[in-house]
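query11.cif (mmCIF, C-alpha atoms) appears below.
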data_data
#
loop_
_atom_site.label_atom_id
_atom_site.label_comp_id
_atom_site.auth_asym_id
_atom_site.auth_seq_id
_atom_site.Cartn_x
_atom_site.Cartn_y
_atom_site.Cartn_z
CA MET A 2 -92.31 -83.52 -85.58
CA LEU A 3 -91.00 -82.29 -88.94
CA PRO A 4 -90.07 -78.63 -89.40
CA PRO A 5 -92.92 -76.63 -91.02
CA ARG A 6 -91.16 -76.25 -94.37
CA GLU A 7 -90.31 -79.94 -94.65
CA ARG A 8 -93.79 -80.95 -93.49
CA ALA A 9 -95.39 -78.70 -96.14
CA VAL A 10 -93.23 -80.21 -98.88
CA GLU A 11 -94.02 -83.77 -97.76
CA VAL A 12 -97.73 -83.04 -97.66
CA ALA A 13 -97.56 -81.52 -101.14
CA ALA A 14 -95.66 -84.58 -102.46
CA GLY A 15 -98.27 -86.88 -100.94
CA ALA A 16 -101.08 -84.83 -102.46
CA VAL A 17 -99.48 -85.04 -105.90
CA PHE A 18 -99.19 -88.81 -105.56
CA VAL A 19 -102.79 -89.25 -104.42
CA ALA A 20 -104.09 -87.04 -107.24
CA GLY A 21 -102.01 -88.90 -109.83
CA ALA A 22 -102.99 -92.34 -108.52
CA LEU A 23 -106.70 -91.42 -108.51
CA ALA A 24 -106.47 -90.02 -112.04
CA LEU A 25 -104.89 -93.26 -113.27
CA LEU A 26 -107.58 -95.34 -111.59
CA VAL A 27 -110.30 -93.29 -113.23
CA LEU A 28 -108.78 -92.93 -116.69
CA GLY A 29 -107.22 -96.38 -117.06
CA ASP A 30 -108.93 -99.64 -117.77
CA GLY A 31 -108.34 -103.37 -117.36
CA THR A 32 -109.62 -105.98 -114.96
CA VAL A 33 -108.00 -106.35 -111.56
CA ARG A 34 -107.33 -109.87 -110.26
CA VAL A 35 -107.82 -109.54 -106.54
CA ASP A 36 -105.82 -112.63 -105.59
CA VAL A 37 -102.80 -111.48 -107.61
CA LEU A 38 -103.24 -107.96 -106.23
CA VAL A 39 -103.08 -109.20 -102.63
CA VAL A 40 -100.00 -111.34 -103.24
CA LEU A 41 -98.25 -108.48 -105.06
CA ILE A 42 -98.86 -106.14 -102.11
CA ALA A 43 -97.50 -108.74 -99.66
CA ALA A 44 -94.44 -109.34 -101.86
CA PHE A 45 -93.88 -105.59 -102.15
CA ALA A 46 -94.03 -105.29 -98.35
CA VAL A 47 -91.34 -107.96 -98.00
CA THR A 48 -88.98 -106.23 -100.43
CA ASN A 49 -89.63 -102.90 -98.72
CA ARG A 50 -88.24 -104.33 -95.47
CA ALA A 51 -84.76 -104.25 -97.02
CA ARG A 52 -83.28 -100.76 -96.90
CA PHE A 53 -79.82 -99.68 -97.92
CA ASP A 54 -78.72 -96.18 -96.93
CA VAL A 55 -77.60 -94.05 -99.87
CA GLY A 56 -76.41 -90.50 -99.23
CA GLY A 57 -79.24 -88.71 -97.44
CA GLY A 58 -81.83 -91.34 -98.42
CA PHE A 59 -82.22 -95.06 -98.94
CA VAL A 60 -83.04 -97.64 -101.59
CA SER A 61 -85.16 -100.79 -101.29
CA PRO A 62 -85.23 -103.69 -103.80
CA THR A 63 -88.95 -103.13 -104.45
CA GLN A 64 -88.22 -103.01 -108.18
CA LEU A 65 -88.26 -106.82 -108.12
CA VAL A 66 -92.01 -106.71 -107.48
CA PHE A 67 -92.92 -103.31 -108.91
CA VAL A 68 -92.06 -104.33 -112.48
CA ALA A 69 -94.21 -107.43 -112.11
CA ALA A 70 -97.02 -105.30 -110.67
CA LEU A 71 -96.94 -103.05 -113.75
CA LEU A 72 -97.43 -106.01 -116.08
CA LEU A 73 -99.48 -108.56 -114.15
CA GLU A 74 -102.19 -106.10 -113.16
CA PRO A 75 -103.47 -103.09 -115.12
CA PRO A 76 -100.71 -100.45 -114.89
CA ARG A 77 -103.22 -97.98 -113.44
CA VAL A 78 -103.25 -99.85 -110.10
CA ALA A 79 -99.45 -100.15 -109.77
CA PRO A 80 -99.10 -96.92 -107.72
CA CYS A 81 -101.75 -98.18 -105.28
CA ILE A 82 -99.92 -101.50 -104.98
CA ALA A 83 -96.70 -99.62 -104.24
CA LEU A 84 -98.32 -97.48 -101.54
CA ALA A 85 -100.16 -100.41 -99.92
CA GLY A 86 -96.94 -102.47 -99.95
CA VAL A 87 -94.88 -99.67 -98.39
CA VAL A 88 -97.44 -99.09 -95.64
CA LEU A 89 -97.68 -102.83 -94.93
CA GLY A 90 -93.89 -103.11 -94.89
CA ARG A 91 -93.57 -100.27 -92.34
CA LEU A 92 -96.28 -101.51 -89.97
CA PRO A 93 -93.82 -103.74 -88.01
CA ASN A 94 -91.78 -100.60 -87.29
CA VAL A 95 -94.86 -98.83 -85.97
CA VAL A 96 -95.80 -101.81 -83.80
CA GLY A 97 -92.20 -102.13 -82.58
CA GLY A 98 -92.06 -98.45 -81.67
CA SER A 99 -89.19 -97.51 -84.00
CA MET A 100 -91.55 -95.47 -86.21
CA HIS A 101 -94.24 -93.06 -85.06
CA PRO A 102 -97.66 -93.79 -86.59
CA THR A 103 -97.90 -90.24 -87.95
CA ARG A 104 -94.94 -90.99 -90.22
CA LEU A 105 -97.19 -93.29 -92.24
CA ALA A 106 -98.85 -90.16 -93.61
CA LEU A 107 -95.56 -89.24 -95.29
CA LEU A 108 -95.27 -92.51 -97.23
CA PRO A 109 -97.36 -91.43 -100.27
CA GLY A 110 -94.62 -88.96 -101.17
CA ASP A 111 -92.11 -91.84 -101.23
CA CYS A 112 -94.18 -93.56 -103.95
CA LEU A 113 -94.12 -90.70 -106.48
CA TYR A 114 -91.79 -92.73 -108.73
CA ALA A 115 -94.65 -95.20 -109.40
CA LEU A 116 -96.69 -92.59 -111.29
CA GLY A 117 -94.27 -92.24 -114.22
CA PRO A 118 -94.17 -95.85 -115.52
CA ALA A 119 -97.85 -96.42 -114.68
CA PHE A 120 -98.80 -93.40 -116.80
CA VAL A 121 -96.59 -94.44 -119.75
CA LEU A 122 -97.89 -98.01 -119.86
CA THR A 123 -101.50 -96.90 -119.36
CA VAL A 124 -101.28 -94.40 -122.24
CA ALA A 125 -99.55 -97.03 -124.41
CA GLY A 126 -102.31 -99.52 -123.67
CA VAL A 127 -99.83 -102.19 -122.54
CA ASP A 128 -101.70 -105.21 -121.23
CA GLY A 129 -99.61 -108.06 -119.84
CA ALA A 130 -96.00 -109.04 -120.51
CA HIS A 131 -95.05 -109.20 -124.22
CA TRP A 132 -91.55 -109.02 -125.69
CA GLY A 133 -92.81 -106.81 -128.48
CA ASP A 134 -93.54 -104.05 -125.95
CA TRP A 135 -89.92 -103.70 -124.91
CA PRO A 136 -89.65 -100.05 -126.17
CA TRP A 137 -92.48 -99.16 -123.82
CA TYR A 138 -90.71 -100.93 -120.99
CA VAL A 139 -87.63 -98.79 -121.59
CA ALA A 140 -89.80 -95.66 -121.72
CA ALA A 141 -91.53 -96.70 -118.49
CA ILE A 142 -88.23 -97.12 -116.65
CA ALA A 143 -87.02 -93.76 -117.97
CA ALA A 144 -90.27 -92.15 -116.78
CA GLN A 145 -89.81 -93.77 -113.37
CA PHE A 146 -86.32 -92.33 -112.99
CA LEU A 147 -87.42 -88.91 -114.26
CA VAL A 148 -90.40 -88.61 -111.90
CA ASP A 149 -88.31 -90.00 -109.02
CA PHE A 150 -85.63 -87.37 -109.62
CA ALA A 151 -88.12 -84.54 -110.03
CA GLY A 152 -89.92 -85.48 -106.82
CA GLY A 153 -86.69 -86.01 -104.91
CA ALA A 154 -85.21 -82.75 -106.16
CA ALA A 155 -88.30 -80.82 -105.10
CA ARG A 156 -88.47 -82.46 -101.68
CA GLY A 157 -84.73 -82.43 -100.99
CA GLY A 158 -84.07 -79.02 -102.50
CA PHE A 159 -86.94 -77.04 -101.03
CA ALA A 160 -87.25 -78.82 -97.70
CA LEU A 161 -83.68 -79.73 -96.84
CA GLY A 162 -81.55 -77.57 -99.12
CA ILE A 163 -79.65 -80.54 -100.57
CA PRO A 164 -77.58 -79.41 -103.59
CA LEU A 165 -78.73 -80.70 -106.98
CA VAL A 166 -75.35 -82.30 -107.67
CA GLU A 167 -75.58 -84.33 -104.46
CA GLN A 168 -79.09 -85.42 -105.36
CA LEU A 169 -77.92 -86.49 -108.81
CA ARG A 170 -75.12 -88.51 -107.24
CA THR A 171 -77.51 -90.25 -104.87
CA GLY A 172 -80.12 -90.70 -107.59
CA ALA A 173 -77.61 -92.31 -109.95
CA TYR A 174 -76.81 -94.91 -107.29
CA VAL A 175 -80.50 -95.66 -106.70
CA TRP A 176 -81.27 -95.85 -110.42
CA SER A 177 -78.37 -98.21 -111.04
CA ILE A 178 -79.80 -100.60 -108.44
CA ASP A 179 -83.34 -100.31 -109.80
CA GLY A 180 -82.03 -100.77 -113.33
CA ALA A 181 -80.17 -103.94 -112.31
CA LEU A 182 -83.24 -105.40 -110.58
CA SER A 183 -85.74 -104.49 -113.33
CA PRO A 184 -84.82 -107.39 -115.69
CA ILE A 185 -85.37 -109.84 -112.82
CA GLY A 186 -88.80 -108.38 -112.19
CA LEU A 187 -89.53 -108.50 -115.92
CA LEU A 188 -88.57 -112.19 -116.14
CA ALA A 189 -90.78 -112.87 -113.12
CA ALA A 190 -93.67 -111.20 -114.94
CA PHE A 191 -93.10 -113.31 -118.07
CA ALA A 192 -92.89 -116.47 -115.97
CA SER A 193 -96.25 -115.58 -114.45
CA GLY A 194 -97.86 -115.92 -117.88
CA GLY A 195 -97.99 -119.68 -117.35
CA TRP A 196 -98.82 -119.52 -113.65
CA ARG A 197 -100.12 -116.27 -112.23
CA PHE A 198 -98.11 -116.48 -109.01
CA ALA A 199 -94.74 -117.42 -110.52
CA PHE A 200 -93.46 -113.95 -109.57
CA VAL A 201 -93.28 -115.04 -105.92
CA GLY A 202 -90.04 -116.76 -106.97
CA VAL A 203 -88.31 -113.40 -106.37
CA ILE A 204 -89.28 -113.50 -102.68
CA PRO A 205 -86.29 -115.64 -101.56
CA LEU A 206 -83.98 -113.13 -103.21
CA ALA A 207 -85.88 -110.29 -101.54
CA MET A 208 -85.61 -111.99 -98.13
CA LEU A 209 -81.88 -112.44 -98.65
CA LEU A 210 -81.59 -108.72 -99.36
CA VAL A 211 -83.62 -108.00 -96.21
CA VAL A 212 -81.15 -110.02 -94.14
CA LEU A 213 -78.17 -108.33 -95.82
CA SER A 214 -79.64 -104.85 -95.29
CA GLN A 215 -80.34 -105.51 -91.62
CA GLU A 216 -76.85 -106.91 -91.11
CA ARG A 217 -75.40 -103.88 -92.88
CA SER A 218 -77.45 -101.55 -90.66
CA ARG A 219 -76.21 -103.35 -87.55
CA ARG A 220 -72.64 -103.09 -88.77
CA LEU A 221 -73.00 -99.37 -89.53
CA GLU A 222 -74.59 -98.82 -86.11
CA SER A 223 -71.73 -100.71 -84.50
CA GLU A 224 -69.19 -98.60 -86.37
CA LEU A 225 -71.03 -95.43 -85.36
CA HIS A 226 -71.02 -96.58 -81.73
CA ALA A 227 -67.29 -97.35 -81.97
CA SER A 228 -66.68 -93.92 -83.49
CA ARG A 229 -68.53 -92.26 -80.62
CA GLU A 230 -66.52 -94.32 -78.13
CA ARG A 231 -63.30 -93.15 -79.77
CA GLU A 232 -64.47 -89.55 -79.58
CA ALA A 233 -65.33 -89.98 -75.89
CA LEU A 234 -61.97 -91.66 -75.32
CA ILE A 235 -60.07 -88.80 -76.93
CA ALA A 236 -62.14 -86.18 -75.08
CA GLY A 237 -61.64 -87.96 -71.75
CA ALA A 238 -57.92 -88.46 -72.33
CA SER A 239 -57.54 -84.80 -73.25
CA HIS A 240 -59.30 -83.79 -70.04
CA GLU A 241 -57.13 -86.07 -67.89
CA LEU A 242 -53.90 -84.93 -69.55
CA GLN A 243 -54.65 -81.28 -68.91
CA THR A 244 -54.11 -81.48 -65.13
CA PRO A 245 -50.55 -82.89 -65.05
CA LEU A 246 -49.58 -80.77 -68.04
CA ALA A 247 -50.87 -77.62 -66.33
CA ILE A 248 -48.97 -78.49 -63.14
CA LEU A 249 -45.77 -79.21 -65.06
CA SER A 250 -46.12 -75.98 -66.99
CA GLY A 251 -46.63 -74.00 -63.79
CA LEU A 252 -43.64 -75.61 -62.06
CA LEU A 253 -41.37 -75.01 -65.04
CA THR A 254 -42.46 -71.39 -65.28
CA SER A 255 -41.82 -70.95 -61.56
CA LEU A 256 -38.33 -72.43 -61.79
CA ILE A 257 -37.46 -70.36 -64.86
CA HIS A 258 -38.57 -67.08 -63.27
CA ASP A 259 -36.97 -67.85 -59.92
CA PRO A 260 -33.57 -69.45 -60.69
CA GLY A 261 -32.32 -68.54 -57.23
CA ALA A 262 -35.05 -70.45 -55.37
CA PRO A 263 -33.90 -72.26 -52.21
CA GLN A 264 -32.62 -75.80 -52.68
CA ASP A 265 -35.45 -77.40 -50.69
CA ARG A 266 -38.07 -75.63 -52.79
CA ARG A 267 -36.34 -76.68 -55.98
CA LEU A 268 -36.26 -80.27 -54.75
CA GLN A 269 -39.98 -80.12 -53.98
CA SER A 270 -40.62 -78.82 -57.50
CA TYR A 271 -38.54 -81.59 -59.05
CA ASP A 272 -40.37 -84.18 -56.94
CA ALA A 273 -43.75 -82.80 -58.03
CA MET A 274 -42.63 -82.74 -61.67
CA SER A 275 -41.47 -86.34 -61.37
CA ARG A 276 -44.86 -87.40 -60.01
CA GLN A 277 -46.78 -85.53 -62.69
CA THR A 278 -44.56 -87.03 -65.39
CA ALA A 279 -45.34 -90.49 -64.01
CA HIS A 280 -49.07 -89.68 -64.13
CA LEU A 281 -48.69 -88.59 -67.75
CA ARG A 282 -46.84 -91.80 -68.56
CA TYR A 283 -49.67 -93.77 -66.95
CA LEU A 284 -52.39 -91.91 -68.88
CA VAL A 285 -50.56 -92.28 -72.19
CA GLY A 286 -49.99 -95.96 -71.41
CA GLN A 287 -53.74 -96.39 -70.87
CA PHE A 288 -54.41 -94.80 -74.23
CA VAL A 289 -51.87 -97.02 -75.98
CA ASP A 290 -53.18 -100.17 -74.27
CA TYR A 291 -56.75 -99.37 -75.25
CA ALA A 292 -55.73 -98.71 -78.85
CA THR A 293 -53.84 -102.04 -78.85
CA ILE A 294 -56.88 -103.96 -77.60
CA LYS A 295 -59.24 -102.23 -80.05
CA SER A 296 -56.92 -103.17 -82.92
CA ARG A 297 -57.38 -106.79 -81.76
CA GLN A 298 -53.80 -107.29 -80.71
CA ASP A 299 -52.56 -108.86 -77.48
CA LEU A 300 -51.11 -106.54 -74.87
CA PRO A 301 -47.31 -106.94 -74.75
CA VAL A 302 -46.48 -108.69 -71.48
CA SER A 303 -43.12 -109.83 -70.09
CA VAL A 304 -43.71 -112.04 -67.04
CA ALA A 305 -40.90 -112.52 -64.50
CA PRO A 306 -40.53 -112.72 -60.69
CA VAL A 307 -41.44 -109.29 -59.31
CA ALA A 308 -41.27 -108.04 -55.74
CA VAL A 309 -44.76 -106.63 -55.22
CA ASP A 310 -44.07 -104.27 -52.29
CA PRO A 311 -41.77 -101.91 -54.26
CA VAL A 312 -44.43 -101.68 -56.99
CA LEU A 313 -47.01 -100.67 -54.40
CA GLU A 314 -44.59 -98.21 -52.78
CA ALA A 315 -43.94 -96.61 -56.19
CA VAL A 316 -47.68 -96.14 -56.75
CA ALA A 317 -48.19 -94.83 -53.22
CA ALA A 318 -45.44 -92.27 -53.73
CA LEU A 319 -47.26 -90.85 -56.75
CA TRP A 320 -50.40 -90.12 -54.71
CA ARG A 321 -48.80 -88.67 -51.61
CA PRO A 322 -49.56 -86.32 -49.93
CA ASP A 323 -53.00 -86.05 -51.56
CA VAL A 324 -54.17 -89.32 -50.04
CA GLU A 325 -53.00 -91.55 -47.22
CA VAL A 326 -51.74 -94.86 -48.58
CA GLU A 327 -50.33 -97.73 -46.53
CA VAL A 328 -48.54 -100.92 -47.56
CA VAL A 329 -48.88 -103.75 -45.04
CA GLU A 330 -48.18 -107.45 -44.50
CA GLY A 331 -44.65 -108.20 -45.54
CA THR A 332 -42.72 -108.92 -48.71
CA THR A 333 -44.14 -111.06 -51.50
CA THR A 334 -42.91 -112.01 -54.96
CA ALA A 335 -45.26 -112.68 -57.87
CA MET A 336 -44.92 -113.78 -61.48
CA ALA A 337 -45.91 -110.63 -63.30
CA ASP A 338 -44.91 -107.83 -65.64
CA GLY A 339 -43.68 -105.20 -63.18
CA ALA A 340 -44.43 -102.17 -65.33
CA ARG A 341 -47.87 -103.42 -66.28
CA LEU A 342 -48.66 -104.42 -62.67
CA GLN A 343 -47.83 -100.89 -61.60
CA ARG A 344 -50.22 -99.56 -64.26
CA VAL A 345 -52.98 -101.86 -63.02
CA VAL A 346 -52.51 -100.73 -59.40
CA MET A 347 -52.46 -97.12 -60.61
CA SER A 348 -55.85 -97.63 -62.27
CA LEU A 349 -57.33 -99.09 -59.10
CA VAL A 350 -55.91 -96.37 -56.87
CA ALA A 351 -57.09 -93.67 -59.31
CA ASN A 352 -60.57 -95.17 -59.21
CA ALA A 353 -60.51 -95.40 -55.39
CA VAL A 354 -59.35 -91.80 -55.02
CA ARG A 355 -61.92 -90.55 -57.51
CA HIS A 356 -64.86 -92.25 -55.80
CA GLY A 357 -63.66 -92.18 -52.20
CA PRO A 358 -64.02 -89.31 -49.73
CA ALA A 359 -61.63 -86.37 -49.97
CA GLY A 360 -58.41 -87.13 -48.10
CA GLY A 361 -58.81 -90.91 -48.28
CA PRO A 362 -57.54 -93.02 -46.88
CA VAL A 363 -56.88 -95.62 -49.56
CA THR A 364 -55.06 -98.68 -48.29
CA LEU A 365 -52.77 -100.96 -50.28
CA ALA A 366 -52.24 -104.39 -48.72
CA THR A 367 -50.43 -107.48 -49.97
CA ARG A 368 -50.13 -111.05 -48.69
CA GLY A 369 -49.32 -114.57 -49.88
CA GLU A 370 -52.05 -117.15 -50.16
CA ALA A 371 -51.81 -120.78 -51.45
CA GLY A 372 -49.54 -120.25 -54.45
CA ALA A 373 -50.88 -116.80 -55.14
CA VAL A 374 -50.07 -113.21 -54.25
CA ILE A 375 -53.02 -111.09 -53.16
CA VAL A 376 -53.02 -107.31 -53.49
CA GLU A 377 -55.95 -105.33 -52.11
CA VAL A 378 -56.87 -101.73 -52.81
CA ALA A 379 -59.42 -100.59 -50.21
CA ASP A 380 -61.25 -97.27 -50.07
CA ARG A 381 -63.89 -95.74 -47.80
CA GLY A 382 -66.16 -94.52 -50.56
CA PRO A 383 -69.89 -95.22 -51.05
CA GLY A 384 -69.24 -98.61 -52.68
CA ILE A 385 -71.33 -100.01 -55.54
CA PRO A 386 -74.36 -102.35 -55.72
CA ALA A 387 -73.49 -106.04 -55.82
CA GLU A 388 -75.15 -106.47 -59.22
CA ASP A 389 -72.84 -103.83 -60.72
CA MET A 390 -69.55 -105.22 -59.41
CA ASP A 391 -68.72 -106.99 -62.64
CA GLU A 392 -70.27 -104.37 -64.92
CA VAL A 393 -67.74 -101.70 -63.86
CA PHE A 394 -65.04 -103.65 -65.69
CA SER A 395 -66.92 -103.35 -68.99
CA GLU A 396 -65.46 -100.97 -71.55
CA SER A 397 -69.00 -100.01 -72.64
CA ARG A 398 -70.19 -98.84 -69.21
CA PRO A 399 -71.43 -95.23 -69.27
CA ARG A 400 -68.96 -92.61 -68.13
CA GLU A 401 -70.40 -90.49 -65.33
CA SER A 402 -68.61 -87.28 -66.22
CA ALA A 403 -65.61 -85.77 -67.95
CA GLY A 404 -63.69 -86.44 -64.73
CA GLU A 405 -63.86 -90.16 -65.47
CA GLY A 406 -60.89 -89.75 -67.79
CA ILE A 407 -60.88 -92.09 -70.75
CA GLY A 408 -63.43 -94.17 -68.85
CA VAL A 409 -61.77 -97.56 -69.39
CA GLY A 410 -59.30 -97.73 -66.49
CA LEU A 411 -60.93 -100.72 -64.79
CA PHE A 412 -61.49 -102.47 -68.11
CA LEU A 413 -57.79 -102.09 -68.92
CA ALA A 414 -56.78 -103.12 -65.39
CA ARG A 415 -58.60 -106.44 -65.67
CA ALA A 416 -57.40 -107.00 -69.25
CA GLY A 417 -53.79 -106.25 -68.24
CA LEU A 418 -53.90 -108.52 -65.21
CA ARG A 419 -55.46 -111.41 -67.11
CA GLU A 420 -52.66 -111.17 -69.66
CA GLN A 421 -50.34 -111.94 -66.72
CA GLY A 422 -52.35 -114.93 -65.54
CA GLY A 423 -54.14 -113.02 -62.78
CA ASP A 424 -57.55 -111.45 -62.23
CA ILE A 425 -59.42 -108.71 -60.34
CA THR A 426 -62.57 -108.97 -58.26
CA LEU A 427 -64.51 -106.48 -56.16
CA ARG A 428 -66.25 -106.81 -52.82
CA ASP A 429 -67.73 -104.56 -50.17
CA ARG A 430 -65.42 -103.33 -47.41
CA PRO A 431 -66.62 -103.91 -43.84
CA GLY A 432 -67.56 -100.57 -42.37
CA GLY A 433 -68.16 -99.00 -45.77
CA GLY A 434 -66.22 -98.72 -48.98
CA LEU A 435 -64.94 -101.09 -51.62
CA ILE A 436 -62.05 -103.52 -51.91
CA ALA A 437 -60.50 -104.37 -55.27
CA GLN A 438 -58.57 -107.64 -54.96
CA LEU A 439 -55.80 -108.61 -57.38
CA ARG A 440 -54.71 -112.23 -57.55
CA LEU A 441 -51.38 -113.07 -59.18
CA PRO A 442 -49.43 -116.33 -59.46
CA ALA A 443 -46.74 -116.53 -56.78
CA ALA A 444 -43.12 -116.94 -57.84
CA ASP A 445 -41.67 -120.38 -56.98
#

In structure tokens, write the structure found in this file.
Amino acid sequence: MLPPRERAVEVAAGAVFVAGALALLVLGDGTVRVDVLVVLIAAFAVTNRARFDVGGGFVSPTQLVFVAALLLEPPRVAPCIALAGVVLGRLPNVVGGSMHPTRLALLPGDCLYALGPAFVLTVAGVDGAHWGDWPWYVAAIAAQFLVDFAGGAARGGFALGIPLVEQLRTGAYVWSIDGALSPIGLLAAFASGGWRFAFVGVIPLAMLLVVLSQERSRRLESELHASREREALIAGASHELQTPLAILSGLLTSLIHDPGAPQDRRLQSYDAMSRQTAHLRYLVGQFVDYATIKSRQDLPVSVAPVAVDPVLEAVAALWRPDVEVEVVEGTTTAMADGARLQRVVMSLVANAVRHGPAGGPVTLATRGEAGAVIVEVADRGPGIPAEDMDEVFSESRPRESAGEGIGVGLFLARAGLREQGGDITLRDRPGGGLIAQLRLPAAD
């Protein structure tokens, strides 16, 4: 539903168009060729399907057909052809649900531009395409631009408060496109002197523009989606960084204001600061990795024999005493990037802690298996449906809340592990919960 002011302006614009179109039909003359009329409307509808966003509006290559409509039929019917073509061109949107049917009532106001050239050519008595009438053609185009600007200025200025300078800038872009397409439409009209439907030769060009406009719209939508993802990423990262930064700030303030604190308390503070610094390093690493992937670069990986147990112990130490973490089943060595493997395990533990019950436990287990090293991160949370087990690794999955951090931890975990020749899968844990299983190549 449009705001009352905008709705009133649109209704007024439509009323002006209808009054002008009816006046031209009554006052003008000339015989209408129904077959040509029908084909012109269909061709206009095709060109109207192409839309290129310009400032606060859009431009369609309808000029290819509109110029022909002015010359192949009596100019008095050109506004009606424009309106019928626009409505026909928008019907697929109504049927597809992307446009509400009531919006069709606003389309007459979009056709105001057609009144100017139709009036000029009707008054001049132009009948058909003749090179000797070129001054009238120039006057008709000028009248089209003038009426288009006047109508747009009234609608945009009164209804939306768009500054006149901005409207001139947008209008100049639209007029330059219409001016470039007008000679093609004029040549199509002249060609139709020998065969009345020769103007349909512009349809392939119009269809090409339709394809280009739709591809451009998809690209812009993709860029908008990517921009929103970046905003969510930054917001999530900012939220996640606040906790360790707040803890570090509090610990530093405590140490500064109590320089004589007992040694054991100072050691506890240093241990907590070390853990929070490691969490910060992990979060910043996630951010850097995601930016690397989005810039279409490979993650830097240095694969070498790595003892897996110390990596798991290092991760476990960062989460104690908040959650109980165990490392079981002996010593194993894998071919991996140690620092990146630690980041992957951190992501899985963070996810398990976030979705598991308060106090855990989360269990880390490792074992050797047929040339591979298996690491399992098991929690006792609610688990996830089987059909969603692969979807959670998608970077585009919806984030449930601000507490999800940057929302791409599992996506980065799988990407980082695959760079090392491994992979991650999920499965239900017997008795409730979820198990994330990492598989890495074993060192020879």

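Among the candidates A:Met100, A:Glu216, A:Val68, A:Arg77, the one nearest to Ala141 of chain A when counting only C-alpha atoms is A:Val68.
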
Determine the residue set returned by the PyMOL selection byres ((chain A and resi 112) around 8) for the present structure, and present it as an MDAnalysis selection string.
chainID A and resid 18 80 83:84 108:111 113:116

Between A:Leu413, A:Ala79, A:Leu249, A:Leu427, which one has atoms that come closest to Ala292 of chain A, using all atoms listed in the file?
A:Leu413

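If all atoms listed in the file are the atoms counted, then among A:Pro118, A:Gly31, A:Pro442, A:Pro164 the closest residue to Leu147 of chain A is A:Pro118.
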
Name the residues that the PyMOL selection byres ((chain A and resi 121-132) around 12) picks from the file above, as a PyMOL selection string, using the file's chain letters and numbers.
chain A and resi 22+24-33+68-80+115-120+133-145+148+186-195+197

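Distance-wise, atom CA of Leu206 of chain A and atom CA of Asn94 of chain A end up 21.7 Å apart.
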
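Among the candidates A:Ala318, A:Leu242, A:Val60, A:Ile257, the residue lying nearest to Arg276 of chain A is A:Ala318 (atoms considered: all atoms listed in the file).
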